[in-house]
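Trainee: Mind looking over this structure? Questions follow.
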Amino acid sequence: MTNLAHHIAIVTGAGAGIGAAIAERLAHDGAKVMMNDIDADRLEKVKSQLVNAGIKSENLAVMAGDVSSEADMKSLFDTALATFGDISLVVNNAGILQQKAFVDLTCDDWDRMIAVHLRGCFLGCHFALPIMQKRGGGVIINTASQLGQIGAADLVHYASAKAAIIGLTKSLAREVGQSGIRVNAVAPGPINTELVLGLSKEWRDAKAAQLPLGAFGEPSDVAATVAFLASDDARIYVGQTLGPNSGDVML
Ligand SMILES: NC(=O)c1ccc[n+]([C@@H]2O[C@H](COP(=O)([O-])OP(=O)(O)OC[C@H]3O[C@@H](n4cnc5c(N)ncnc54)[C@H](O)[C@@H]3O)[C@@H](O)[C@H]2O)c1
């Protein structure tokens with residue numbers, strides 16, 4: 001457990017998988033959490049689960065919206081501020097996956113992938129920055145992927161978006177570090193979520209066999225990395241990309 005009682009957080013894509021685990025971990029560690037997802041039903045379900053697990057409902061809020069929409073993201077930040085009075089931590093996590101040979105990718109496939117991941121991260125940072133600058137500090141954590149570090153066949157648009165998120169993270173970290181704002185990324189390896197179940201069984205079996213640990217990680221493993229980066233223990237982590245990845249990629 002880390003002490004995150006000083007944080008008021010926004011977590012995007014919190015309706016399932018890694019985002020739900022991050023929201024749960026941050027709330028258990030004392031943060032107030034505004035959860036976003038494009039799927040409103042999922043959000044309500046996660047909120048009920050957290051309340052049933054003992055989290056005070058006044059420490060949780062939900063707001064459905066698309067991270068690639070400027071209007072939805074503005075509403076998310078406005079509502080979080082109105083609800084909790086501050087925002088000190090933003091976890092840009094929402095994501096989608098699509099496995100397709102490059103030759104079959106359409107411009108719409110490309111645009112949607114870049115919009116959800118890169119524009120979504122941009123908008124999360126864009127709305128966080130003025131608030132964090134005004135309050136004199138904050139933490140932003142962007143969800144990349146190890147595939148952004150090593151590339152991936154049949155996932156060129158996904159890996160490109162994730163590589164760009166690492167570039168965004170490093171560049172923004174350099175720009176705002178002296179304002180007390182720490183920007184970092186996580187680059188998970190294969191994690192047992194719905195997103196990965198969308199990949200072919202052949203891909204998943206081959207990947208598990210390659211891993212030094214021999215098994216995919218769990219969403220809670222990524223949440224633990226996020227909790228560390230959010231905590232004051234990570235005060236000198238700036239522009240870093242941490243890899244909870246079962247040893248798949250070693251940098
Ligand atoms: N699972 C993995 O192995 C893995 C590995 C590396 C990186 N990641 C990244 O971790 C993040 C979370 O992935 P996951 O595995 O938990 O996926 P998931 O599919 O289990 O959950 C993703 C959530 O994001 C939501 N979402 C999708 N598009 C959205 C949008 N436009 N606006 C708001 N919410 C939206 C979905 O409704 C869903 O609830 C993603 O960015 C993904 O690329 C996952």
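To be explicit about the labels: the chains of the structure tokens are called A, B, and onward in the order shown, and within each one the residues are counted from 1, while ligands get numbers from 1 in the order they are shown.
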For the interface of chain A with ligand 1 (cut-off 7 Å, counting only C-alpha atoms and all ligand atoms), please tabulate each contacting residue of chain A alongside its nearest pair of atoms and their separation in Å to one decimal, rows sorted by chain and increasing number, as a Markdown table.

Mentor:
| residue | atom | partner | partner_atom_place_in_ligand_line | distance |
| --- | --- | --- | --- | --- |
| A:Thr12 | CA | ligand 1 | 33 (C) | 6.0 |
| A:Gly13 | CA | ligand 1 | 24 (O) | 3.5 |
| A:Ala14 | CA | ligand 1 | 39 (O) | 5.8 |
| A:Gly15 | CA | ligand 1 | 39 (O) | 4.0 |
| A:Ala16 | CA | ligand 1 | 39 (O) | 4.1 |
| A:Gly17 | CA | ligand 1 | 16 (O) | 3.5 |
| A:Ile18 | CA | ligand 1 | 16 (O) | 3.7 |
| A:Gly19 | CA | ligand 1 | 16 (O) | 5.5 |
| A:Asn36 | CA | ligand 1 | 33 (C) | 6.3 |
| A:Asp37 | CA | ligand 1 | 34 (N) | 3.8 |
| A:Ile38 | CA | ligand 1 | 33 (C) | 4.0 |
| A:Asp39 | CA | ligand 1 | 37 (O) | 5.1 |
| A:Arg42 | CA | ligand 1 | 39 (O) | 6.7 |
| A:Gly65 | CA | ligand 1 | 33 (C) | 5.7 |
| A:Asp66 | CA | ligand 1 | 32 (N) | 3.5 |
| A:Val67 | CA | ligand 1 | 32 (N) | 4.0 |
| A:Ser68 | CA | ligand 1 | 31 (N) | 5.6 |
| A:Asn93 | CA | ligand 1 | 41 (O) | 4.7 |
| A:Ala94 | CA | ligand 1 | 24 (O) | 4.0 |
| A:Gly95 | CA | ligand 1 | 41 (O) | 3.6 |
| A:Ile96 | CA | ligand 1 | 27 (C) | 5.3 |
| A:Leu97 | CA | ligand 1 | 43 (O) | 6.6 |
| A:Val116 | CA | ligand 1 | 31 (N) | 4.9 |
| A:His117 | CA | ligand 1 | 41 (O) | 6.6 |
| A:Thr143 | CA | ligand 1 | 41 (O) | 5.3 |
| A:Ala144 | CA | ligand 1 | 7 (C) | 5.7 |
| A:Ser145 | CA | ligand 1 | 6 (C) | 4.0 |
| A:Gln146 | CA | ligand 1 | 6 (C) | 6.3 |
| A:Ala187 | CA | ligand 1 | 6 (C) | 5.9 |
| A:Pro188 | CA | ligand 1 | 6 (C) | 4.2 |
| A:Gly189 | CA | ligand 1 | 5 (C) | 4.9 |
| A:Pro190 | CA | ligand 1 | 3 (O) | 3.5 |
| A:Ile191 | CA | ligand 1 | 3 (O) | 3.7 |
| A:Asn192 | CA | ligand 1 | 1 (N) | 5.8 |
| A:Thr193 | CA | ligand 1 | 20 (O) | 4.6 |
| A:Glu194 | CA | ligand 1 | 20 (O) | 4.4 |
| A:Leu195 | CA | ligand 1 | 19 (O) | 3.9 |
| A:Val196 | CA | ligand 1 | 1 (N) | 5.1 |
| A:Pro219 | CA | ligand 1 | 16 (O) | 7.0 |

Trainee: Please write the residues from the selection above to a file, keeping N, CA and C atoms, as a compact mmCIF listing (two decimals), in the first residue's frame.

Mentor:
# COMPACT_ATOMS: atom_id res chain seq x y z
N THR A 12 -8.78 7.53 -16.80
CA THR A 12 -9.60 7.28 -18.00
C THR A 12 -9.60 5.78 -18.33
N GLY A 13 -10.66 5.34 -18.98
CA GLY A 13 -10.79 3.92 -19.32
C GLY A 13 -10.89 3.06 -18.07
N ALA A 14 -11.58 3.58 -17.05
CA ALA A 14 -11.64 2.90 -15.75
C ALA A 14 -12.78 1.90 -15.65
N GLY A 15 -13.45 1.64 -16.76
CA GLY A 15 -14.60 0.73 -16.71
C GLY A 15 -14.22 -0.73 -16.80
N ALA A 16 -12.95 -1.02 -17.04
CA ALA A 16 -12.54 -2.43 -17.19
C ALA A 16 -11.03 -2.54 -17.04
N GLY A 17 -10.57 -3.77 -16.95
CA GLY A 17 -9.15 -4.09 -17.08
C GLY A 17 -8.21 -3.27 -16.20
N ILE A 18 -7.18 -2.75 -16.83
CA ILE A 18 -6.12 -2.04 -16.11
C ILE A 18 -6.66 -0.76 -15.47
N GLY A 19 -7.51 -0.03 -16.19
CA GLY A 19 -8.05 1.23 -15.64
C GLY A 19 -8.88 0.99 -14.39
N ASN A 36 -13.44 7.77 -15.63
CA ASN A 36 -14.03 7.99 -16.96
C ASN A 36 -14.05 6.67 -17.73
N ASP A 37 -15.02 6.50 -18.58
CA ASP A 37 -15.00 5.44 -19.59
C ASP A 37 -16.00 5.83 -20.66
N ILE A 38 -15.82 5.27 -21.85
CA ILE A 38 -16.79 5.54 -22.91
C ILE A 38 -18.09 4.77 -22.65
N ASP A 39 -18.00 3.75 -21.79
CA ASP A 39 -19.14 2.87 -21.51
C ASP A 39 -19.67 3.17 -20.10
N ARG A 42 -20.38 0.19 -17.61
CA ARG A 42 -19.17 -0.37 -16.99
C ARG A 42 -18.73 0.46 -15.79
N GLY A 65 -17.56 9.32 -21.14
CA GLY A 65 -17.13 10.22 -22.20
C GLY A 65 -16.04 9.56 -23.02
N ASP A 66 -15.82 10.13 -24.19
CA ASP A 66 -14.81 9.61 -25.13
C ASP A 66 -13.54 10.44 -24.95
N VAL A 67 -12.43 9.78 -24.63
CA VAL A 67 -11.19 10.53 -24.38
C VAL A 67 -10.68 11.29 -25.60
N SER A 68 -11.16 10.91 -26.78
CA SER A 68 -10.69 11.63 -27.97
C SER A 68 -11.52 12.88 -28.27
N ASN A 93 -5.31 6.37 -19.47
CA ASN A 93 -5.21 4.91 -19.62
C ASN A 93 -6.10 4.33 -20.72
N ALA A 94 -7.17 5.02 -21.09
CA ALA A 94 -8.15 4.43 -22.03
C ALA A 94 -7.47 3.96 -23.30
N GLY A 95 -7.92 2.83 -23.81
CA GLY A 95 -7.29 2.33 -25.03
C GLY A 95 -8.14 1.31 -25.75
N ILE A 96 -7.77 1.08 -27.00
CA ILE A 96 -8.43 0.09 -27.85
C ILE A 96 -7.34 -0.70 -28.56
N LEU A 97 -7.73 -1.84 -29.10
CA LEU A 97 -6.75 -2.65 -29.83
C LEU A 97 -7.42 -3.20 -31.08
N VAL A 116 -7.85 7.81 -30.09
CA VAL A 116 -8.12 7.32 -28.72
C VAL A 116 -6.85 7.38 -27.88
N HIS A 117 -5.75 6.93 -28.44
CA HIS A 117 -4.53 6.85 -27.63
C HIS A 117 -3.80 8.19 -27.54
N THR A 143 -0.44 5.83 -20.24
CA THR A 143 -0.29 4.40 -20.49
C THR A 143 0.17 4.18 -21.92
N ALA A 144 1.42 3.75 -22.03
CA ALA A 144 1.97 3.37 -23.33
C ALA A 144 1.83 1.86 -23.45
N SER A 145 2.80 1.21 -24.03
CA SER A 145 2.83 -0.26 -24.15
C SER A 145 4.25 -0.61 -24.53
N GLN A 146 4.66 -1.80 -24.14
CA GLN A 146 6.00 -2.23 -24.59
C GLN A 146 6.06 -2.32 -26.12
N ALA A 187 4.60 1.18 -19.50
CA ALA A 187 4.58 0.44 -20.77
C ALA A 187 4.39 -1.04 -20.44
N PRO A 188 3.13 -1.42 -20.17
CA PRO A 188 2.92 -2.81 -19.76
C PRO A 188 3.25 -3.80 -20.88
N GLY A 189 3.64 -5.00 -20.45
CA GLY A 189 3.68 -6.14 -21.35
C GLY A 189 2.29 -6.74 -21.39
N PRO A 190 2.16 -8.01 -21.84
CA PRO A 190 0.83 -8.61 -21.91
C PRO A 190 0.20 -8.78 -20.53
N ILE A 191 -1.01 -8.25 -20.41
CA ILE A 191 -1.74 -8.26 -19.14
C ILE A 191 -3.10 -8.91 -19.42
N ASN A 192 -3.55 -9.74 -18.51
CA ASN A 192 -4.82 -10.45 -18.70
C ASN A 192 -6.01 -9.51 -18.61
N THR A 193 -6.43 -8.99 -19.75
CA THR A 193 -7.64 -8.15 -19.82
C THR A 193 -8.40 -8.51 -21.10
N GLU A 194 -9.59 -7.93 -21.22
CA GLU A 194 -10.40 -8.13 -22.43
C GLU A 194 -9.65 -7.71 -23.68
N LEU A 195 -8.86 -6.65 -23.55
CA LEU A 195 -8.14 -6.12 -24.71
C LEU A 195 -7.24 -7.18 -25.33
N VAL A 196 -6.53 -7.90 -24.46
CA VAL A 196 -5.60 -8.92 -24.95
C VAL A 196 -6.35 -10.16 -25.43
N PRO A 219 -3.96 -6.99 -14.15
CA PRO A 219 -4.18 -5.53 -14.07
C PRO A 219 -3.63 -4.92 -12.77

Trainee: Identify all residues of stretch 5-199 of chain A in strand (DSSP E) (DSSP on the backbone) and supply them as a VMD selection string.

Mentor: chain A and resid 8 to 11 32 to 37 60 to 64 89 to 92 138 to 143 181 to 186

Trainee: Please produce an output containing N, CA and C atoms for each residue in the selection, written as a PDB file, in the first residue's frame.

Mentor:
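Contents of the output file selection28.pdb:
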ATOM      1  N   ILE A   8      -6.137  13.754  -5.626  1.00  0.00           N
ATOM      2  CA  ILE A   8      -7.447  13.729  -6.280  1.00  0.00           C
ATOM      3  C   ILE A   8      -7.154  13.378  -7.737  1.00  0.00           C
ATOM      4  N   ALA A   9      -7.679  12.220  -8.147  1.00  0.00           N
ATOM      5  CA  ALA A   9      -7.234  11.624  -9.416  1.00  0.00           C
ATOM      6  C   ALA A   9      -8.343  11.537 -10.448  1.00  0.00           C
ATOM      7  N   ILE A  10      -7.921  11.594 -11.703  1.00  0.00           N
ATOM      8  CA  ILE A  10      -8.781  11.209 -12.822  1.00  0.00           C
ATOM      9  C   ILE A  10      -8.135   9.984 -13.457  1.00  0.00           C
ATOM     10  N   VAL A  11      -8.936   8.943 -13.699  1.00  0.00           N
ATOM     11  CA  VAL A  11      -8.446   7.751 -14.413  1.00  0.00           C
ATOM     12  C   VAL A  11      -9.350   7.526 -15.610  1.00  0.00           C
ATOM     13  N   LYS A  32      -9.032  10.298  -3.812  1.00  0.00           N
ATOM     14  CA  LYS A  32     -10.377  10.482  -4.358  1.00  0.00           C
ATOM     15  C   LYS A  32     -10.243  10.273  -5.873  1.00  0.00           C
ATOM     16  N   VAL A  33     -11.199   9.579  -6.467  1.00  0.00           N
ATOM     17  CA  VAL A  33     -11.012   9.181  -7.868  1.00  0.00           C
ATOM     18  C   VAL A  33     -12.243   9.492  -8.714  1.00  0.00           C
ATOM     19  N   MET A  34     -12.019  10.241  -9.782  1.00  0.00           N
ATOM     20  CA  MET A  34     -13.018  10.442 -10.836  1.00  0.00           C
ATOM     21  C   MET A  34     -12.698   9.451 -11.946  1.00  0.00           C
ATOM     22  N   MET A  35     -13.660   8.570 -12.225  1.00  0.00           N
ATOM     23  CA  MET A  35     -13.438   7.533 -13.235  1.00  0.00           C
ATOM     24  C   MET A  35     -14.169   7.879 -14.533  1.00  0.00           C
ATOM     25  N   ASN A  36     -13.438   7.773 -15.631  1.00  0.00           N
ATOM     26  CA  ASN A  36     -14.034   7.986 -16.964  1.00  0.00           C
ATOM     27  C   ASN A  36     -14.051   6.667 -17.727  1.00  0.00           C
ATOM     28  N   ASP A  37     -15.023   6.499 -18.579  1.00  0.00           N
ATOM     29  CA  ASP A  37     -14.997   5.436 -19.592  1.00  0.00           C
ATOM     30  C   ASP A  37     -16.001   5.826 -20.664  1.00  0.00           C
ATOM     31  N   LEU A  60     -15.557   8.657  -4.664  1.00  0.00           N
ATOM     32  CA  LEU A  60     -15.600   8.154  -6.046  1.00  0.00           C
ATOM     33  C   LEU A  60     -16.594   8.959  -6.859  1.00  0.00           C
ATOM     34  N   ALA A  61     -16.256   9.179  -8.116  1.00  0.00           N
ATOM     35  CA  ALA A  61     -17.210   9.803  -9.034  1.00  0.00           C
ATOM     36  C   ALA A  61     -17.005   9.170 -10.406  1.00  0.00           C
ATOM     37  N   VAL A  62     -18.054   9.190 -11.212  1.00  0.00           N
ATOM     38  CA  VAL A  62     -17.933   8.622 -12.555  1.00  0.00           C
ATOM     39  C   VAL A  62     -18.484   9.610 -13.567  1.00  0.00           C
ATOM     40  N   MET A  63     -17.875   9.594 -14.726  1.00  0.00           N
ATOM     41  CA  MET A  63     -18.405  10.400 -15.820  1.00  0.00           C
ATOM     42  C   MET A  63     -18.046   9.724 -17.143  1.00  0.00           C
ATOM     43  N   ALA A  64     -19.075   9.365 -17.897  1.00  0.00           N
ATOM     44  CA  ALA A  64     -18.844   8.712 -19.184  1.00  0.00           C
ATOM     45  C   ALA A  64     -18.404   9.732 -20.215  1.00  0.00           C
ATOM     46  N   LEU A  89      -3.699  14.356  -9.867  1.00  0.00           N
ATOM     47  CA  LEU A  89      -3.163  13.150 -10.520  1.00  0.00           C
ATOM     48  C   LEU A  89      -4.058  12.786 -11.698  1.00  0.00           C
ATOM     49  N   VAL A  90      -3.454  12.603 -12.857  1.00  0.00           N
ATOM     50  CA  VAL A  90      -4.221  12.190 -14.037  1.00  0.00           C
ATOM     51  C   VAL A  90      -3.560  10.947 -14.632  1.00  0.00           C
ATOM     52  N   VAL A  91      -4.356   9.893 -14.790  1.00  0.00           N
ATOM     53  CA  VAL A  91      -3.855   8.667 -15.411  1.00  0.00           C
ATOM     54  C   VAL A  91      -4.585   8.484 -16.740  1.00  0.00           C
ATOM     55  N   ASN A  92      -3.863   8.726 -17.814  1.00  0.00           N
ATOM     56  CA  ASN A  92      -4.418   8.577 -19.168  1.00  0.00           C
ATOM     57  C   ASN A  92      -4.240   7.123 -19.592  1.00  0.00           C
ATOM     58  N   GLY A 138       1.813  18.390  -9.585  1.00  0.00           N
ATOM     59  CA  GLY A 138       0.887  17.308  -9.896  1.00  0.00           C
ATOM     60  C   GLY A 138       1.622  16.161 -10.567  1.00  0.00           C
ATOM     61  N   VAL A 139       0.865  15.113 -10.848  1.00  0.00           N
ATOM     62  CA  VAL A 139       1.446  13.916 -11.452  1.00  0.00           C
ATOM     63  C   VAL A 139       0.574  13.492 -12.633  1.00  0.00           C
ATOM     64  N   ILE A 140       1.224  13.244 -13.762  1.00  0.00           N
ATOM     65  CA  ILE A 140       0.519  12.697 -14.931  1.00  0.00           C
ATOM     66  C   ILE A 140       1.185  11.370 -15.289  1.00  0.00           C
ATOM     67  N   ILE A 141       0.358  10.343 -15.480  1.00  0.00           N
ATOM     68  CA  ILE A 141       0.888   9.031 -15.872  1.00  0.00           C
ATOM     69  C   ILE A 141       0.154   8.586 -17.143  1.00  0.00           C
ATOM     70  N   ASN A 142       0.916   8.380 -18.192  1.00  0.00           N
ATOM     71  CA  ASN A 142       0.349   7.988 -19.483  1.00  0.00           C
ATOM     72  C   ASN A 142       0.577   6.493 -19.710  1.00  0.00           C
ATOM     73  N   THR A 143      -0.438   5.831 -20.238  1.00  0.00           N
ATOM     74  CA  THR A 143      -0.295   4.400 -20.492  1.00  0.00           C
ATOM     75  C   THR A 143       0.169   4.185 -21.924  1.00  0.00           C
ATOM     76  N   ILE A 181       5.552  19.395 -11.788  1.00  0.00           N
ATOM     77  CA  ILE A 181       4.649  18.409 -12.397  1.00  0.00           C
ATOM     78  C   ILE A 181       5.501  17.281 -12.958  1.00  0.00           C
ATOM     79  N   ARG A 182       5.250  16.074 -12.443  1.00  0.00           N
ATOM     80  CA  ARG A 182       5.994  14.902 -12.914  1.00  0.00           C
ATOM     81  C   ARG A 182       5.155  14.144 -13.934  1.00  0.00           C
ATOM     82  N   VAL A 183       5.722  13.958 -15.118  1.00  0.00           N
ATOM     83  CA  VAL A 183       5.022  13.222 -16.177  1.00  0.00           C
ATOM     84  C   VAL A 183       5.816  11.951 -16.454  1.00  0.00           C
ATOM     85  N   ASN A 184       5.169  10.812 -16.322  1.00  0.00           N
ATOM     86  CA  ASN A 184       5.818   9.526 -16.569  1.00  0.00           C
ATOM     87  C   ASN A 184       4.866   8.627 -17.352  1.00  0.00           C
ATOM     88  N   ALA A 185       5.385   7.483 -17.783  1.00  0.00           N
ATOM     89  CA  ALA A 185       4.545   6.523 -18.509  1.00  0.00           C
ATOM     90  C   ALA A 185       4.739   5.125 -17.941  1.00  0.00           C
ATOM     91  N   VAL A 186       3.734   4.308 -18.141  1.00  0.00           N
ATOM     92  CA  VAL A 186       3.901   2.867 -17.930  1.00  0.00           C
ATOM     93  C   VAL A 186       3.794   2.199 -19.304  1.00  0.00           C
TER      94      VAL A 186
END

Trainee: At a cut-off of 12 Å, using only C-alpha atoms, what residues contact A:Val103? Leave out same-chain residues fewer than 2 positions from it and give the result as JSON, numbers by chain.

Mentor: {"A": [99, 100, 101, 105, 106, 107, 109, 110, 153, 154, 155, 156, 157]}

Trainee: Please produce an output containing N, CA and C atoms for each residue in the selection, written as a CSV table (one decimal), in the first residue's frame.

Mentor:
chain,number,residue,atom,x,y,z
A,99,GLN,N,-6.1,-5.8,-34.3
A,99,GLN,CA,-5.1,-6.6,-35.0
A,99,GLN,C,-5.4,-6.7,-36.5
A,100,LYS,N,-4.5,-6.1,-37.3
A,100,LYS,CA,-4.8,-6.1,-38.7
A,100,LYS,C,-3.4,-5.9,-39.5
A,101,ALA,N,-3.3,-6.6,-40.6
A,101,ALA,CA,-2.1,-6.4,-41.4
A,101,ALA,C,-2.0,-5.0,-41.9
A,105,LEU,N,-5.1,-1.9,-43.3
A,105,LEU,CA,-5.5,-0.8,-42.5
A,105,LEU,C,-6.1,0.3,-43.3
A,106,THR,N,-7.3,0.8,-42.9
A,106,THR,CA,-7.9,1.9,-43.5
A,106,THR,C,-7.5,3.2,-42.8
A,107,CYS,N,-7.7,4.3,-43.5
A,107,CYS,CA,-7.4,5.6,-42.9
A,107,CYS,C,-8.3,5.8,-41.6
A,109,ASP,N,-9.3,3.3,-39.6
A,109,ASP,CA,-8.6,2.5,-38.5
A,109,ASP,C,-7.5,3.3,-37.9
A,110,TRP,N,-6.6,3.9,-38.8
A,110,TRP,CA,-5.5,4.7,-38.3
A,110,TRP,C,-5.9,5.8,-37.5
A,153,ALA,N,4.2,-6.5,-35.4
A,153,ALA,CA,3.5,-6.8,-36.7
A,153,ALA,C,2.0,-6.8,-36.4
A,154,ASP,N,1.3,-6.4,-37.4
A,154,ASP,CA,-0.2,-6.5,-37.4
A,154,ASP,C,-0.8,-5.5,-36.4
A,155,LEU,N,0.0,-4.7,-35.8
A,155,LEU,CA,-0.4,-3.7,-34.8
A,155,LEU,C,0.3,-2.4,-35.0
A,156,VAL,N,0.6,-2.1,-36.3
A,156,VAL,CA,1.4,-0.9,-36.6
A,156,VAL,C,0.8,0.4,-36.1
A,157,HIS,N,-0.5,0.5,-36.2
A,157,HIS,CA,-1.2,1.8,-35.8
A,157,HIS,C,-1.1,1.9,-34.2

Trainee: Work out how far atom CA of A:Leu43 is from atom CA of A:Arg135, in Å to one decimal.

Mentor: 28.3 Å

Trainee: Using DSSP assignments from the backbone, pull out every residue in stretch 60-91 of chain A that falls under alpha helix (DSSP H) and give it to me as a PDB file with N, CA and C atoms, in the first residue's frame.

Mentor:
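Okay, part-v7.pdb is ready:
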ATOM      1  N   GLU A  70     -12.671  16.554 -27.324  1.00  0.00           N
ATOM      2  CA  GLU A  70     -12.262  17.718 -26.521  1.00  0.00           C
ATOM      3  C   GLU A  70     -13.389  18.128 -25.563  1.00  0.00           C
ATOM      4  N   ALA A  71     -14.630  18.097 -26.066  1.00  0.00           N
ATOM      5  CA  ALA A  71     -15.762  18.510 -25.225  1.00  0.00           C
ATOM      6  C   ALA A  71     -15.961  17.549 -24.052  1.00  0.00           C
ATOM      7  N   ASP A  72     -15.858  16.234 -24.333  1.00  0.00           N
ATOM      8  CA  ASP A  72     -16.043  15.247 -23.256  1.00  0.00           C
ATOM      9  C   ASP A  72     -14.936  15.382 -22.212  1.00  0.00           C
ATOM     10  N   MET A  73     -13.714  15.599 -22.671  1.00  0.00           N
ATOM     11  CA  MET A  73     -12.607  15.707 -21.714  1.00  0.00           C
ATOM     12  C   MET A  73     -12.692  16.998 -20.905  1.00  0.00           C
ATOM     13  N   LYS A  74     -13.158  18.075 -21.538  1.00  0.00           N
ATOM     14  CA  LYS A  74     -13.339  19.320 -20.773  1.00  0.00           C
ATOM     15  C   LYS A  74     -14.393  19.098 -19.681  1.00  0.00           C
ATOM     16  N   SER A  75     -15.503  18.445 -20.050  1.00  0.00           N
ATOM     17  CA  SER A  75     -16.553  18.165 -19.056  1.00  0.00           C
ATOM     18  C   SER A  75     -16.017  17.294 -17.930  1.00  0.00           C
ATOM     19  N   LEU A  76     -15.183  16.316 -18.297  1.00  0.00           N
ATOM     20  CA  LEU A  76     -14.627  15.417 -17.271  1.00  0.00           C
ATOM     21  C   LEU A  76     -13.815  16.214 -16.247  1.00  0.00           C
ATOM     22  N   PHE A  77     -12.948  17.080 -16.747  1.00  0.00           N
ATOM     23  CA  PHE A  77     -12.101  17.861 -15.836  1.00  0.00           C
ATOM     24  C   PHE A  77     -12.940  18.875 -15.053  1.00  0.00           C
ATOM     25  N   ASP A  78     -13.893  19.528 -15.721  1.00  0.00           N
ATOM     26  CA  ASP A  78     -14.756  20.503 -15.027  1.00  0.00           C
ATOM     27  C   ASP A  78     -15.543  19.812 -13.919  1.00  0.00           C
ATOM     28  N   THR A  79     -16.067  18.618 -14.224  1.00  0.00           N
ATOM     29  CA  THR A  79     -16.887  17.905 -13.234  1.00  0.00           C
ATOM     30  C   THR A  79     -16.031  17.416 -12.068  1.00  0.00           C
ATOM     31  N   ALA A  80     -14.824  16.932 -12.374  1.00  0.00           N
ATOM     32  CA  ALA A  80     -13.934  16.483 -11.290  1.00  0.00           C
ATOM     33  C   ALA A  80     -13.593  17.654 -10.366  1.00  0.00           C
ATOM     34  N   LEU A  81     -13.305  18.812 -10.972  1.00  0.00           N
ATOM     35  CA  LEU A  81     -12.989  20.001 -10.154  1.00  0.00           C
ATOM     36  C   LEU A  81     -14.188  20.413  -9.310  1.00  0.00           C
ATOM     37  N   ALA A  82     -15.371  20.398  -9.934  1.00  0.00           N
ATOM     38  CA  ALA A  82     -16.585  20.800  -9.202  1.00  0.00           C
ATOM     39  C   ALA A  82     -16.888  19.809  -8.081  1.00  0.00           C
ATOM     40  N   THR A  83     -16.588  18.529  -8.303  1.00  0.00           N
ATOM     41  CA  THR A  83     -16.918  17.489  -7.314  1.00  0.00           C
ATOM     42  C   THR A  83     -15.916  17.472  -6.164  1.00  0.00           C
ATOM     43  N   PHE A  84     -14.638  17.517  -6.503  1.00  0.00           N
ATOM     44  CA  PHE A  84     -13.612  17.300  -5.478  1.00  0.00           C
ATOM     45  C   PHE A  84     -12.789  18.553  -5.162  1.00  0.00           C
TER      46      PHE A  84
END

Trainee: Mind checking which residues fall within 7 Å of stretch 47-55 of chain A, counting only C-alpha atoms, ignoring those fewer than 2 positions away in the same chain, and posting them as JSON, numbers by chain?

Mentor: {"A": [24, 27, 28, 43, 44, 45, 57]}

Trainee: Which of these residues is nearest to A:Ile165, using only C-alpha atoms: A:Gln149, A:Asn245, A:Asn59, A:Ser231?

Mentor: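 Once distances to A:Ile165 are computed over only C-alpha atoms, the minimum belongs to A:Gln149.
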
Trainee: Report as a Markdown table: every residue of stretch 1-90 of chain A with an atom at most 7 Å from stretch 222-228 of chain A, its closest pair of atoms, and their distance in Å to one decimal, counting only C-alpha atoms, with rows sorted by chain and ascending residue number.

Mentor:
| residue | atom | partner | partner_atom | distance |
| --- | --- | --- | --- | --- |
| A:Thr2 | CA | A:Ala227 | CA | 6.7 |
| A:Ile18 | CA | A:Val222 | CA | 6.8 |
| A:Ala21 | CA | A:Ala223 | CA | 5.8 |
| A:Ile22 | CA | A:Ala223 | CA | 4.5 |
| A:Arg25 | CA | A:Ala223 | CA | 6.2 |
| A:Leu26 | CA | A:Ala227 | CA | 6.5 |

Trainee: Please, what distance in Å, to one decimal, runs between atom CA of A:Asp29 and atom CA of A:His7?

Mentor: 9.5 Å

Trainee: So how many Å separate atom CA of A:Met1 and atom CA of A:Val46, to one decimal?

Mentor: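 So the answer is 20.3 Å.
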
Trainee: With distances taken over only C-alpha atoms, which residue among A:Leu4, A:Val249, A:Leu129, A:Ala20 lies nearest A:Ile150?

Mentor: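 Between A:Leu4, A:Val249, A:Leu129, A:Ala20, the residue approaching A:Ile150 most closely is A:Val249.
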
Trainee: When distances are computed from only C-alpha atoms, which of A:Val238, A:Leu213, A:Lys207, A:Gly148 shows the smallest separation from A:Lys170?

Mentor: A:Val238

Trainee: Counting only C-alpha atoms, which residue out of A:Leu242, A:Ala5, A:Ala152, A:Cys125 sits closest to A:Val176?

Mentor: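 Counting only C-alpha atoms, the residue closest to A:Val176 is A:Cys125.
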